[in-house]
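Next comes upload.txt, a file with compact mmCIF, C-alpha atoms.
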# COMPACT_ATOMS: atom_id res chain seq x y z
CA MET A 1 0.00 0.00 0.00
CA THR A 2 0.94 3.65 -0.07
CA PRO A 3 3.77 4.73 2.28
CA GLN A 4 3.06 5.93 5.77
CA ARG A 5 4.29 9.32 6.87
CA PRO A 6 6.40 9.61 10.04
CA ASP A 7 4.04 9.90 12.99
CA LYS A 8 4.38 13.47 14.25
CA ASN A 9 2.13 13.04 17.28
CA ASP A 10 3.48 9.88 18.86
CA LYS A 11 5.55 11.72 21.50
CA LEU A 12 3.47 14.65 22.68
CA PHE A 13 5.30 15.05 25.98
CA GLU A 14 8.84 14.97 24.55
CA PRO A 15 10.60 18.11 23.29
CA PRO A 16 10.63 18.47 19.50
CA LEU A 17 13.90 18.39 17.60
CA GLU A 18 13.50 21.64 15.68
CA PRO A 19 14.13 24.17 18.50
CA ILE A 20 16.99 22.06 19.87
CA LEU A 21 19.00 21.73 16.67
CA ASN A 22 21.32 24.34 15.20
CA ASP A 23 19.51 25.99 12.32
CA ARG A 24 22.85 26.70 10.64
CA HIS A 25 23.65 23.00 10.24
CA PRO A 26 23.81 21.97 6.55
CA LEU A 27 21.33 19.13 6.99
CA TYR A 28 18.92 21.40 8.84
CA LYS A 29 18.97 23.84 5.94
CA LEU A 30 18.79 21.11 3.32
CA ALA A 31 15.77 19.50 4.97
CA SER A 32 13.68 22.59 4.29
CA SER A 33 15.18 23.25 0.86
CA ILE A 34 14.29 19.94 -0.79
CA ASP A 35 10.79 19.70 -2.22
CA TRP A 36 9.84 16.36 -0.65
CA GLN A 37 6.31 16.50 -2.05
CA VAL A 38 7.64 16.41 -5.60
CA ILE A 39 9.64 13.28 -4.83
CA GLU A 40 6.67 11.62 -3.12
CA HIS A 41 4.45 12.45 -6.09
CA GLU A 42 6.96 11.09 -8.62
CA LEU A 43 7.40 7.82 -6.69
CA ALA A 44 3.72 7.35 -5.81
CA ASP A 45 3.10 4.93 -8.68
CA CYS A 46 5.57 2.47 -7.14
CA TYR A 47 2.92 1.49 -4.58
CA SER A 48 -0.53 -0.03 -4.76
CA ALA A 49 -3.37 1.89 -3.14
CA ASP A 50 -5.23 -1.15 -1.78
CA MET A 51 -2.84 -4.13 -1.64
CA GLY A 52 -0.41 -5.21 1.07
CA ARG A 53 0.72 -3.39 4.17
CA HIS A 54 1.70 0.25 4.20
CA GLY A 55 5.15 0.95 2.81
CA ASN A 56 7.91 2.83 4.60
CA ALA A 57 7.72 6.61 4.44
CA THR A 58 9.09 7.88 1.13
CA ARG A 59 10.91 10.76 2.80
CA LEU A 60 12.58 8.34 5.21
CA MET A 61 13.78 6.04 2.42
CA VAL A 62 14.92 8.89 0.16
CA GLY A 63 16.60 10.66 3.07
CA LEU A 64 18.47 7.51 4.09
CA HIS A 65 19.76 7.06 0.54
CA TYR A 66 20.87 10.70 0.39
CA LEU A 67 22.73 10.25 3.70
CA LYS A 68 24.19 6.91 2.62
CA HIS A 69 25.82 8.35 -0.49
CA THR A 70 26.77 11.67 1.11
CA TYR A 71 28.63 10.08 4.01
CA ASN A 72 29.73 6.92 2.16
CA GLU A 73 27.85 4.52 4.43
CA SER A 74 26.48 1.03 3.88
CA ASP A 75 22.84 0.04 4.29
CA GLU A 76 23.59 -1.25 7.80
CA SER A 77 25.81 1.59 9.00
CA VAL A 78 23.55 4.40 7.77
CA ILE A 79 20.69 3.05 9.89
CA ASP A 80 22.97 2.59 12.92
CA ARG A 81 24.17 6.19 12.66
CA TRP A 82 20.63 7.44 12.01
CA VAL A 83 19.55 6.35 15.49
CA GLU A 84 22.46 8.27 17.05
CA ASN A 85 22.18 11.47 14.99
CA PRO A 86 19.25 13.87 15.57
CA TYR A 87 20.15 15.89 12.46
CA TRP A 88 19.77 12.79 10.32
CA GLN A 89 16.39 12.07 11.89
CA TYR A 90 15.19 15.63 11.31
CA PHE A 91 16.40 15.46 7.72
CA CYS A 92 14.26 12.34 7.21
CA GLY A 93 11.12 14.06 8.47
CA TYR A 94 10.96 13.12 12.16
CA GLU A 95 10.07 15.80 14.70
CA HIS A 96 11.04 13.89 17.85
CA MET A 97 14.12 11.90 18.78
CA GLN A 98 13.88 8.24 17.82
CA HIS A 99 15.64 5.53 19.84
CA ALA A 100 14.83 2.49 17.71
CA PHE A 101 15.83 1.46 14.21
CA PRO A 102 13.23 2.78 11.75
CA ILE A 103 13.62 -0.10 9.29
CA HIS A 104 15.64 -3.25 8.70
CA PRO A 105 18.67 -2.77 6.39
CA THR A 106 17.16 -5.20 3.86
CA SER A 107 14.34 -2.69 3.33
CA MET A 108 16.87 -0.42 1.61
CA VAL A 109 17.57 -3.11 -1.00
CA LYS A 110 13.89 -3.89 -1.48
CA TRP A 111 13.07 -0.20 -1.88
CA ARG A 112 15.71 0.25 -4.58
CA GLY A 113 14.31 -2.78 -6.38
CA ARG A 114 10.79 -1.38 -6.15
CA VAL A 115 11.75 2.09 -7.39
CA GLY A 116 14.11 0.93 -10.14
CA SER A 117 17.03 2.72 -11.76
CA ALA A 118 14.84 4.87 -14.02
CA ARG A 119 12.91 6.46 -11.14
CA MET A 120 16.12 7.05 -9.17
CA GLU A 121 16.76 9.87 -11.63
CA VAL A 122 14.04 11.75 -9.74
CA LEU A 123 16.46 12.12 -6.83
CA LEU A 124 19.18 13.50 -9.09
CA LYS A 125 16.71 15.89 -10.72
CA GLU A 126 15.52 17.22 -7.36
CA THR A 127 19.13 17.56 -6.16
CA LEU A 128 19.93 19.81 -9.13
CA SER A 129 16.66 21.72 -8.72
CA THR A 130 17.44 22.37 -5.06
CA ALA A 131 20.93 23.59 -5.92
CA ILE A 132 19.47 25.98 -8.51
CA ARG A 133 16.78 27.27 -6.13
CA GLN A 134 19.38 27.93 -3.45
CA LYS A 135 21.63 29.59 -6.08
CA TYR A 136 24.53 27.24 -5.49
CA ILE A 137 24.68 26.68 -9.23
CA LYS A 138 23.29 28.47 -12.25
CA PRO A 139 20.75 26.87 -14.61
CA SER A 140 23.36 27.00 -17.35
CA ASP A 141 25.68 24.84 -15.21
CA ALA A 142 23.20 21.97 -15.42
CA SER A 143 22.81 22.14 -19.19
CA LYS A 144 25.91 20.02 -19.74
CA ILE A 145 27.15 17.19 -17.53
CA ILE A 146 30.76 16.02 -17.73
CA VAL A 147 31.25 12.54 -16.26
CA ASP A 148 34.72 11.64 -15.04
CA THR A 149 35.16 7.87 -15.36
CA THR A 150 38.80 7.78 -14.25
CA VAL A 151 38.10 5.61 -11.20
CA GLN A 152 35.07 3.82 -12.62
CA GLU A 153 35.35 0.05 -12.86
CA LYS A 154 35.79 -1.11 -16.44
CA ALA A 155 35.79 -4.53 -18.05
CA VAL A 156 39.36 -4.18 -19.29
CA ALA A 157 41.40 -7.39 -19.33
CA TYR A 158 45.10 -7.19 -18.51
CA PRO A 159 47.08 -7.81 -21.73
CA THR A 160 49.12 -10.86 -20.73
CA ASP A 161 51.26 -12.71 -23.26
CA ALA A 162 48.84 -15.62 -23.37
CA ARG A 163 45.87 -13.33 -24.01
CA LEU A 164 47.71 -11.49 -26.79
CA TYR A 165 48.69 -14.79 -28.45
CA LEU A 166 45.07 -15.95 -28.29
CA LYS A 167 43.77 -12.72 -29.86
CA SER A 168 46.43 -12.90 -32.57
CA ILE A 169 45.49 -16.48 -33.43
CA HIS A 170 41.79 -15.63 -33.73
CA ARG A 171 42.61 -12.52 -35.75
CA LEU A 172 44.70 -14.52 -38.22
CA VAL A 173 41.92 -17.08 -38.60
CA ARG A 174 39.41 -14.32 -39.38
CA LEU A 175 41.75 -12.76 -41.94
CA ALA A 176 42.20 -16.15 -43.61
CA ASP A 177 38.42 -16.63 -43.81
CA GLU A 178 37.97 -13.18 -45.33
CA ARG A 179 40.53 -14.01 -48.05
CA ASN A 180 39.22 -17.56 -48.64
CA ILE A 181 42.52 -19.09 -47.55
CA GLU A 182 42.17 -22.74 -46.57
CA LEU A 183 43.88 -23.65 -43.31
CA ARG A 184 44.96 -27.18 -42.49
CA GLN A 185 43.84 -26.51 -38.92
CA SER A 186 42.51 -23.31 -37.36
CA TYR A 187 43.60 -24.13 -33.77
CA VAL A 188 40.70 -22.04 -32.46
CA ARG A 189 39.43 -24.67 -30.03
CA VAL A 190 42.94 -25.80 -29.08
CA SER A 191 44.07 -22.23 -28.35
CA LYS A 192 40.98 -21.52 -26.23
CA LYS A 193 41.64 -24.63 -24.17
CA ALA A 194 45.32 -23.75 -23.75
CA PHE A 195 44.49 -20.19 -22.69
CA PHE A 196 41.92 -21.42 -20.16
CA SER A 197 44.44 -23.85 -18.69
CA GLN A 198 47.09 -21.11 -18.53
CA SER A 199 44.79 -18.80 -16.58
CA GLN A 200 43.83 -21.56 -14.14
CA TYR A 201 47.44 -22.57 -13.54
CA ALA A 202 48.46 -18.93 -13.03
CA ARG A 203 45.68 -18.41 -10.50
CA ALA A 204 46.79 -21.55 -8.63
CA CYS A 205 50.41 -20.24 -8.63
CA GLN A 206 51.53 -23.22 -10.74
CA TYR A 207 53.79 -21.06 -12.84
CA LYS A 208 55.73 -23.81 -14.64
CA ARG A 209 52.54 -25.30 -16.05
CA ALA A 210 51.24 -21.81 -16.89
CA THR A 211 54.47 -21.02 -18.78
CA LYS A 212 54.16 -24.29 -20.67
CA CYS A 213 50.66 -23.32 -21.85
CA THR A 214 51.91 -19.87 -22.89
CA LYS A 215 54.68 -21.47 -24.96
CA LYS A 216 52.08 -23.72 -26.59
CA LEU A 217 50.03 -20.67 -27.60
CA LYS A 218 53.16 -19.04 -28.98
CA SER A 219 53.93 -22.11 -31.03
CA ILE A 220 50.38 -22.20 -32.43
CA TRP A 221 50.62 -18.49 -33.24
CA GLY A 222 53.86 -19.10 -35.19
CA VAL A 223 52.44 -21.93 -37.30
Spell out the structure here as structure tokens.
Amino acid sequence: MTPQRPDKNDKLFEPPLEPILNDRHPLYKLASSIDWQVIEHELADCYSADMGRHGNATRLMVGLHYLKHTYNESDESVIDRWVENPYWQYFCGYEHMQHAFPIHPTSMVKWRGRVGSARMEVLLKETLSTAIRQKYIKPSDASKIIVDTTVQEKAVAYPTDARLYLKSIHRLVRLADERNIELRQSYVRVSKKAFFSQSQYARACQYKRATKCTKKLKSIWGV
């Protein structure tokens, strides 16, 4: 069902967080700068209106993900720190100090699966909109995005001798096929098997056997 909002009247006899906190704290300012209603409206279609139990508050889940990425926390640690930090609780929409975990860490994973990668762009869009409203950036600054992938993980294989021999063998076979040159034997299957054995021996630190497989690939390449 639709998410529940944080209960604002469950602790009537406890002092509220707002007058206690420092209004100059970045999270205090950010809590009132973000348009939470826009995010809730954009993510409303992720929930059914009449099926299942009520979901976790959207502001709580979005706030936890903002805090997780801002402070480089895991799903478990961000919830642990949330209980200890009144600014984090205020940022997520709570008016009174909470002393219990709001959700189980697995709820973070389930929420991301429910929202999906496409709807997560709503958070990025609202982040940029908030920065523009607060005049931290100009609208023209958001017209072009430059992504630095220097430290991004890439599927780049290390060019070992065995791998280069294997690529050279397959390249020569393709060139022969393109020129209708008949080969007595292509060695495609044999070279794949030799390369696989070389990688397994190298991983097991059996370097003599790995070197033997590399020499075999070199010999095939020189045929």
Excluding segment 208-214 of chain A and any residue of its chain fewer than 3 positions from it, enumerate the residues within 6 Å of it, using all atoms listed in the file, and give them as a ChimeraX atom specification.
-> /A:162,194,198,201-202,217
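Only residues having an atom at most 10 Å from (21.9, 4.0, 12.1) are included; using all atoms listed in the file, these are Leu64, Glu73, Ser74, Asp75, Glu76, Ser77, Val78, Ile79, Asp80, Arg81, Trp82, Val83, Glu84, Asn85, Trp88, Gln89, Ala100, Phe101, Pro102, Ile103 and Pro105 of chain A.
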Residue contacts of Ile220 of chain A (12 Å, only C-alpha atoms) excluding same-chain residues fewer than 3 positions away, as a list of chain:residue names =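 In the requested form, the answer reads A:Ala162, A:Tyr165, A:Leu166, A:Lys167, A:Ser168, A:Ile169, A:His170, A:Leu172, A:Val173, A:Gln185, A:Ser186, A:Tyr187, A:Val188, A:Arg189, A:Val190, A:Ser191, A:Lys192, A:Ala194, A:Phe195, A:Cys213, A:Thr214, A:Lys215, A:Lys216, A:Leu217, A:Val223.
The closest residue to Gln134 of chain A, picked from A:Leu30, A:His25, A:Glu18, A:Gly93 and counting only C-alpha atoms, is A:Leu30.
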Long-range neighbours of segment 125-130 of chain A as a VMD selection string, 7 Å cut-off, all atoms listed in the file, 4 positions minimum in chain | chain A and resid 33 to 34 121 134
Quick one: contact table of segment 98-176 of chain A to segment 38-52 of chain A, 7 Å max, nearest atom pair and distance in Å to one decimal per residue, counting only C-alpha atoms, chain and number order, as a tab-separated table?
residue	atom	partner	partner_atom	distance
A:Arg114	CA	A:Cys46	CA	6.6
A:Val115	CA	A:Cys46	CA	6.2
A:Val122	CA	A:Ile39	CA	6.8
Write the selection just made, keeping C-alpha atoms, as a PDB file, keeping the file's coordinate frame?
ATOM      1  CA  ARG A 114      10.790  -1.380  -6.150  1.00  0.00           C
ATOM      2  CA  VAL A 115      11.750   2.090  -7.390  1.00  0.00           C
ATOM      3  CA  VAL A 122      14.040  11.750  -9.740  1.00  0.00           C
TER       4      VAL A 122
END
For the atom pair atom CA of Val147 of chain A and atom CA of Arg133 of chain A, what is the interatomic distance in Å to one decimal place?
-> 23.0 Å
Of A:Asn56, A:Ser199, A:Gln98, A:Thr70, the one nearest to Glu14 of chain A when counting only C-alpha atoms is A:Gln98
Atom CA of Arg53 of chain A and atom CA of Asp35 of chain A, how far apart in Å?
->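 These two atoms are separated by 26.0 Å.
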Coordinates-based distance that separates atom CA of Met120 of chain A from atom CA of Gln37 of chain A (Å, one decimal) = 15.4 Å
Near Asp23 of chain A, within 12 Å and counting all atoms listed in the file, which residues show up once chain neighbours fewer than 6 positions away are dropped, as a PyMOL selection string?
-> chain A and resi 17+29-32+87+90-91
Any chance you could build segment 77-92 of chain A out to N, CA and C atoms and write it as a short mmCIF file (atom, residue, chain, number, x, y, z; two decimals), keeping the file's coordinate frame?
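Full text of part_8.cif as output:
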data_model
loop_
_atom_site.label_atom_id
_atom_site.label_comp_id
_atom_site.auth_asym_id
_atom_site.auth_seq_id
_atom_site.Cartn_x
_atom_site.Cartn_y
_atom_site.Cartn_z
N SER A 77 25.20 0.53 8.20
CA SER A 77 25.81 1.59 9.00
C SER A 77 25.00 2.88 8.96
N VAL A 78 24.32 3.16 7.84
CA VAL A 78 23.55 4.40 7.77
C VAL A 78 22.37 4.35 8.74
N ILE A 79 21.80 3.18 8.94
CA ILE A 79 20.69 3.05 9.89
C ILE A 79 21.21 3.12 11.32
N ASP A 80 22.38 2.52 11.58
CA ASP A 80 22.97 2.59 12.92
C ASP A 80 23.27 4.04 13.30
N ARG A 81 23.84 4.79 12.38
CA ARG A 81 24.17 6.19 12.66
C ARG A 81 22.91 7.05 12.73
N TRP A 82 21.88 6.67 12.01
CA TRP A 82 20.63 7.44 12.01
C TRP A 82 20.04 7.49 13.41
N VAL A 83 20.11 6.40 14.14
CA VAL A 83 19.55 6.35 15.49
C VAL A 83 20.32 7.28 16.42
N GLU A 84 21.61 7.48 16.16
CA GLU A 84 22.46 8.27 17.05
C GLU A 84 22.50 9.76 16.67
N ASN A 85 21.99 10.11 15.51
CA ASN A 85 22.18 11.47 14.99
C ASN A 85 20.83 12.17 14.84
N PRO A 86 20.54 13.17 15.68
CA PRO A 86 19.25 13.87 15.57
C PRO A 86 19.11 14.67 14.29
N TYR A 87 20.23 15.16 13.72
CA TYR A 87 20.15 15.89 12.46
C TYR A 87 19.71 14.98 11.32
N TRP A 88 20.17 13.75 11.33
CA TRP A 88 19.77 12.79 10.32
C TRP A 88 18.28 12.49 10.45
N GLN A 89 17.80 12.36 11.68
CA GLN A 89 16.39 12.07 11.89
C GLN A 89 15.52 13.24 11.44
N TYR A 90 15.94 14.45 11.75
CA TYR A 90 15.19 15.63 11.31
C TYR A 90 15.19 15.74 9.80
N PHE A 91 16.30 15.41 9.17
CA PHE A 91 16.40 15.46 7.72
C PHE A 91 15.42 14.48 7.08
N CYS A 92 15.16 13.36 7.75
CA CYS A 92 14.26 12.34 7.21
C CYS A 92 12.80 12.57 7.60
#
